[in-house]
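> Before anything else, here's the structure in question.
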Amino acid sequence: MSQDKLERLRRILSEAKEARSEKVKAPSPGQSQCVFVHRFPRSRFYGNYPLTIPDRAAELLNAFFRCPPPSQLAFLDLETTGLSAGTGNYVFLAGIGRYVPEGFAITQVLLSDVSNERHFLQELLSLLAGADGLVTYNGRVFDWPLLETRLRLNRMPEPEMSFHVDLLYPARRLFSGSFRSCSLQHIEYYVLNAMREDDIPSHLIPAMFWQYQRTRDVAALAPVLEHNKRDVLALASFLSALACMAENPQAITQASVLLGLGRAACDSGNPERGLPLVSQAIEKGIPEPHLSRALRHLSRSLKRAGLFHLALQLWESHVHPVCLIEMAKYFEHTLCDIESALYCTELCIRCFGKDVDGTLTRRRLRLLKKLARSSQLCSS
Amino acid sequence: MTVDAILELLKSDKSFWNNVTHHCVIPGQAAVSEPLGTRMHPSLAGVLKKRGIDRLYIHQQEAFDLAESGHNLVVVTPTASGKTLCYNLPVLNRILHDPRTRALYIFPTKALAYDQYSELQELVDGLNAQIGVFTYDGDTSPEVRKKVRQAGHIVLTNPDMLHQAILPHHTKWMKLFENLQFVVLDELHSYRGVFGSHMANVLRRLNRVAAFYGSHPVYLCSSATIRNPGELASMLTQKQIRVIDRNGAPSSTRHFLIYNPPVISPQLGIRKSAILEASRLASRLISHDIQTIVFARSRVSVEILTTYLQNASGTRLVKGYRGGYLPRERREIESGLRSGKIMGVVSTNALELGVDIGGLDASVLVGYPGTIASTWQQAGRAGRRTGTALTIMIATSSPLDQFIAANPEYLFSASPEMGLINPDNLYILSSHLKCAAFELPFRRGENFGVETTDAILSFLEEQGMLHLAGDTYHWADQSFPAESISLRSASRENVVIIDRTAGARVIGEVDLFSAPMLVHTDAIYIHQGRQYHVDYLDYAEKKAYVTAVDVDYYTDASLSVDLSVLEEEQAPSPPGTYASTGELKVTALVTMFKKIKMYTHENIGSGPVHLPEQEMHTEGFWLSLDERTLESIGISSVQTGLLGISHLLSNVATVYLMCDPKDISVVAQVKARHNGLPTIFVYDNYPGGVGFSKRLPAMLTDILADCMSLLAACPCPDGCPGCVGPLTQVETGAKAHTRKLLLTLISQAQGGVSH
């Protein structure tokens, strides 16, 4: 049996053991919320990736995605009665994932009585206590503002979080070139390689909650609880997938993913890590117009950070009109080296034709004029 | 040329002056003012003094004092009387004394909010204090929105934004609502009818949300002259209101002329076209450098007049202005008018409201605007602080216009219309109850303006929209209710108009309900005086593709309307008739269009229109003749008589109901589908009804009598547009048949009312 198959077998066995997840508090009438706890050992995988992150990868996550140390993280996913933002949309189920010494734990809080939202929110806040960074999927736009709305309506203080890692953004950065939509379901299927069977369609969820409010039959909510739990598992697994990629970028075969990873590092203030990946990606082949867009974007962020030496390194290592024009600008405006600027411009015209960028001809004429007026031009 | 000089010129022109049926001079008045009081913050007084204001008009002072002492108020003074200071001064004064103070300004349109923003910002700039003034509308970018919510002392918005963006997200506006001390409602009179009924409910919601945050704002309103400003304001705001109507502002002398175009065909009762007469008159004024505004009744006539005037005015700039133009285009026109660069503008009632275009020299009203209040608003667009202002109303051949031309005292002595609203219209009320429940849960027994709140809530619960837990109703639907409720018209959707002459460019928009009439395939759509041919109306995608053309005709679509009775309730009626009120289903279908030649207005062709039917449920009133009456008058008399009466009725009823002519429709059927009898239907032009036609049974006798006197006073031999309808559209003897039928109805009504 190959190493690979052994690994998979081990995983399946551990999953079977995990099926006995623990229910801590049973719902009883008059109680405003129910809490369900699920614990997972370190060895547990979701799809192709483990739920926990090795210590050595933590630093990489910070370098690439500005993600704080795992011990401070809380994964959050909410189920709601509507899709809109606004005060009439109730949060009725929160799944909160935390790393614990033995592995990973998910705690689910259920709003058992809609007229006692305050207790539900208190429970939810207590689960977030001690966390300093939030991990969500589209939580910046949806989950977190909605939670703020619910807290304000109940006149409760909003928790302070120093970091909010919304994984939708890295997902888009890395995979928008690969598949049509970057929904969590797509990521789960294509990246994590996890399959959900019998998953309840999202649009049925609100009606099930209101049904539960009338009947108080928690058992009927089981598919919703399962759905929410899997969303949190997917979040943890995806973060772990990102850590794996950061740790071992050589294993990435798709150029666009590699480019995204490199750009993520550059944007997180680590261009010395990101730029080599960008170069590798370009060597693998990035189609236009993605390549031009990426080069322009990178040039801008490096210039803005004042990292001209790195920018120059980027421009020098690729034969591309964007790089030549960027260099021309750099020579002209920063170094006041008109001759070199003109050289870059003319080189660009010779290599790519004058129509590759609308400014080329004008730039060349301007530089020629400047050169003619010669020496005392650059005083500043 | 001055206005006085042009007036002399017009007087000496017999062909014009002979058709002037009324000329009166309304004298100007000198300012009545008081020195600035001591309650005003010194820096505010300083800014005013710097601008040369060391006294306030008495109405401004009164508003300031009342607002200071916490009274809700409405200021009722004419255009250009310094109304905005009535609310700006007390609001700024409070903010200067307590910087936590917040105020919400609501203007009926985005354009007005933008306009007031510039004026207010100028005032604030002089104050040297940290006061945030922001507009908040659909154009506000997301980054700015955040700042507005946090730092806006004064937020200027419109009812639609309040309804769809602010109230449903009130937690984001916590800072505003916790400190909300003033709500300013400008142009209060525009919140009438359906729009007003919606607005009253939006304000119920506003009050409810404010109370949740512990605020009970004071309402500062301003209104044009209507008969019942205090009543309207208190119905809208649900507060006790003090009315301020002593105007202290100076005004210029105004000449008001009513011009009735001469009859050109006595047999047909046809007068010269009011549009052509207006175009001749306005271009004459403009060519003498009299800055002129022309008000036309419909979008199409605005465009036609703009075309005519642009052609006639040479180098002097003339522009059209109406809903459907893009905001930037409108801003340019407004500033062009202020600077004097634009000499003439043709507008729908869009410019009737307080958009700042400065004072013009003359206003020309093509047709009676429908209400006395509108007439004075439109007239007031002409007039500067000094000099003379000129207003000329040109009567069209509609019965209402002819009535005014013959009885001008109606305009000058009758009190203006009432602003009527019906906030408790079930359709409107329940829509807003949904929104309110979305915003905050309802406690059982909570009163949302009506006693029946609980009943509606429990109905919504049955429908699964709400969930009752304990004594509280919670919103339990996935939808966002405010999204599907439009305050303005039946549908919030619109059709965008895309010009494909060169590339693809959006040049305007039209609401979905009007689209089949205005931008059906092969229509000529006129925008800013340019003609476009509609190549294709994609009704499903809500897009109309047009290309620029240059043709000498425009198009006019005809609408066919079918009615069915859904629910009927007997109303008191004259003997020999059955009167009912109830629910109707109205289906409207545009079947064909006519091509009308420019200038001569002759019919030069037609074409079919293939578009789906539109359907609406509404409230109506209908009157049927019983078999005996039908026999005694004779079927042919009844046939033409009914059409004649409905033509008269559609005009007279608007006067009695004090509504806009567009608010109701009148349809006559010789054999109504539900009872097989000759029937006249009057229905509210709004889904669910607003309560207009329901009020008709009580006034029926008076209305019929007035129809009779209008008919009797009309000089035409046998029917004209001014009474029973144009002769081309009715049978011979129309007038006699109509008279016979009316007399029968009136004498039966005088004989007694049966139940």
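Chain labels run A, B, ... following the order of the structure tokens; each chain numbers its residues from 1, and ligands are numbered from 1 in the order shown.
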What's around Pro168 in chain B at 6 Å? Count only C-alpha atoms, leave out sequence neighbours fewer than 2 positions away in its own chain, and write the answer as JSON, numbers by chain.

{"A": [86, 87], "B": [166, 170, 439]}

> Give the residues of chain B that lie within 12 Å of chain A; count only C-alpha atoms, and format the answer as a PyMOL selection string.

chain B and resi 164-175+209+212-213+434-443+461+464-483

> Could you tell me which of B:His432, B:Lys585, B:Arg100, B:Lys110 comes closest to Arg330 in chain B if we count only C-alpha atoms?

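Under the stated criterion, the closest residue is B:Lys110.
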
> Name all residues at most 8 Å from Pro159 in chain A (count only C-alpha atoms; drop same-chain ones fewer than 2 positions away) and give them as a list in words.

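Surrounding residues, per the criterion: Leu125, Pro157 and Met161 of chain A.
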
> Let me see the file: selected residues, N, CA and C atoms, as a PDB file, in the first residue's frame.


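Just written: result15.pdb:
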ATOM      1  N   LEU A 125     -20.961  36.028  22.591  1.00  0.00           N
ATOM      2  CA  LEU A 125     -19.833  36.896  22.944  1.00  0.00           C
ATOM      3  C   LEU A 125     -18.859  36.170  23.857  1.00  0.00           C
ATOM      4  N   PRO A 157     -22.495  45.836  23.990  1.00  0.00           N
ATOM      5  CA  PRO A 157     -21.235  46.344  23.438  1.00  0.00           C
ATOM      6  C   PRO A 157     -20.717  45.428  22.330  1.00  0.00           C
ATOM      7  N   MET A 161     -11.975  43.366  18.029  1.00  0.00           N
ATOM      8  CA  MET A 161     -11.134  42.374  17.367  1.00  0.00           C
ATOM      9  C   MET A 161     -10.030  43.121  16.649  1.00  0.00           C
TER      10      MET A 161
END

> I need the residues in range 12-177 of chain A that are strand (DSSP E or B) according to DSSP; give them as a ChimeraX atom specification.

/A:33-41,45-46,49-50,73-80,91-100,103-111,133-136,163-166

> Hey, can you spit out that residue selection with C-alpha atoms as a PDB file, in the first residue's frame?


ATOM      1  CA  GLN A  33     -30.200  29.065  23.734  1.00  0.00           C
ATOM      2  CA  CYS A  34     -28.711  25.686  23.162  1.00  0.00           C
ATOM      3  CA  VAL A  35     -25.044  25.031  22.846  1.00  0.00           C
ATOM      4  CA  PHE A  36     -23.483  22.133  20.965  1.00  0.00           C
ATOM      5  CA  VAL A  37     -19.786  21.311  21.179  1.00  0.00           C
ATOM      6  CA  HIS A  38     -17.813  19.215  18.708  1.00  0.00           C
ATOM      7  CA  ARG A  39     -14.204  18.299  19.339  1.00  0.00           C
ATOM      8  CA  PHE A  40     -11.705  17.112  16.753  1.00  0.00           C
ATOM      9  CA  PRO A  41      -8.238  15.663  17.373  1.00  0.00           C
ATOM     10  CA  PHE A  45      -8.631  16.156   8.164  1.00  0.00           C
ATOM     11  CA  TYR A  46     -11.423  17.888   6.311  1.00  0.00           C
ATOM     12  CA  TYR A  49      -6.141  19.271   4.597  1.00  0.00           C
ATOM     13  CA  PRO A  50      -5.797  18.917   8.379  1.00  0.00           C
ATOM     14  CA  LEU A  73      -8.149  32.975  16.141  1.00  0.00           C
ATOM     15  CA  ALA A  74     -11.861  32.364  16.242  1.00  0.00           C
ATOM     16  CA  PHE A  75     -13.551  30.957  13.135  1.00  0.00           C
ATOM     17  CA  LEU A  76     -17.067  32.292  12.740  1.00  0.00           C
ATOM     18  CA  ASP A  77     -19.984  31.350  10.530  1.00  0.00           C
ATOM     19  CA  LEU A  78     -23.579  32.510  11.008  1.00  0.00           C
ATOM     20  CA  GLU A  79     -26.939  31.186   9.876  1.00  0.00           C
ATOM     21  CA  THR A  80     -29.568  33.885   9.440  1.00  0.00           C
ATOM     22  CA  VAL A  91     -28.841  35.577  13.441  1.00  0.00           C
ATOM     23  CA  PHE A  92     -30.086  32.282  14.846  1.00  0.00           C
ATOM     24  CA  LEU A  93     -27.095  30.000  14.745  1.00  0.00           C
ATOM     25  CA  ALA A  94     -23.439  30.790  15.250  1.00  0.00           C
ATOM     26  CA  GLY A  95     -20.678  28.240  14.721  1.00  0.00           C
ATOM     27  CA  ILE A  96     -17.435  29.240  16.393  1.00  0.00           C
ATOM     28  CA  GLY A  97     -14.256  27.281  15.852  1.00  0.00           C
ATOM     29  CA  ARG A  98     -11.193  27.563  18.118  1.00  0.00           C
ATOM     30  CA  TYR A  99      -7.878  25.740  18.282  1.00  0.00           C
ATOM     31  CA  VAL A 100      -7.662  23.856  21.573  1.00  0.00           C
ATOM     32  CA  GLY A 103      -6.940  19.870  18.335  1.00  0.00           C
ATOM     33  CA  PHE A 104      -9.927  21.855  17.107  1.00  0.00           C
ATOM     34  CA  ALA A 105     -13.303  22.547  18.689  1.00  0.00           C
ATOM     35  CA  ILE A 106     -16.514  23.910  17.238  1.00  0.00           C
ATOM     36  CA  THR A 107     -19.148  25.360  19.500  1.00  0.00           C
ATOM     37  CA  GLN A 108     -22.558  26.073  18.052  1.00  0.00           C
ATOM     38  CA  VAL A 109     -24.993  28.428  19.760  1.00  0.00           C
ATOM     39  CA  LEU A 110     -28.628  28.266  18.745  1.00  0.00           C
ATOM     40  CA  LEU A 111     -31.211  30.968  19.353  1.00  0.00           C
ATOM     41  CA  GLY A 133      -8.610  37.632  15.346  1.00  0.00           C
ATOM     42  CA  LEU A 134     -11.660  36.555  13.434  1.00  0.00           C
ATOM     43  CA  VAL A 135     -11.650  34.174  10.481  1.00  0.00           C
ATOM     44  CA  THR A 136     -14.726  34.263   8.240  1.00  0.00           C
ATOM     45  CA  PHE A 163      -7.762  41.301  13.120  1.00  0.00           C
ATOM     46  CA  HIS A 164     -10.400  40.088  10.745  1.00  0.00           C
ATOM     47  CA  VAL A 165      -9.135  37.603   8.186  1.00  0.00           C
ATOM     48  CA  ASP A 166     -11.877  37.308   5.594  1.00  0.00           C
TER      49      ASP A 166
END
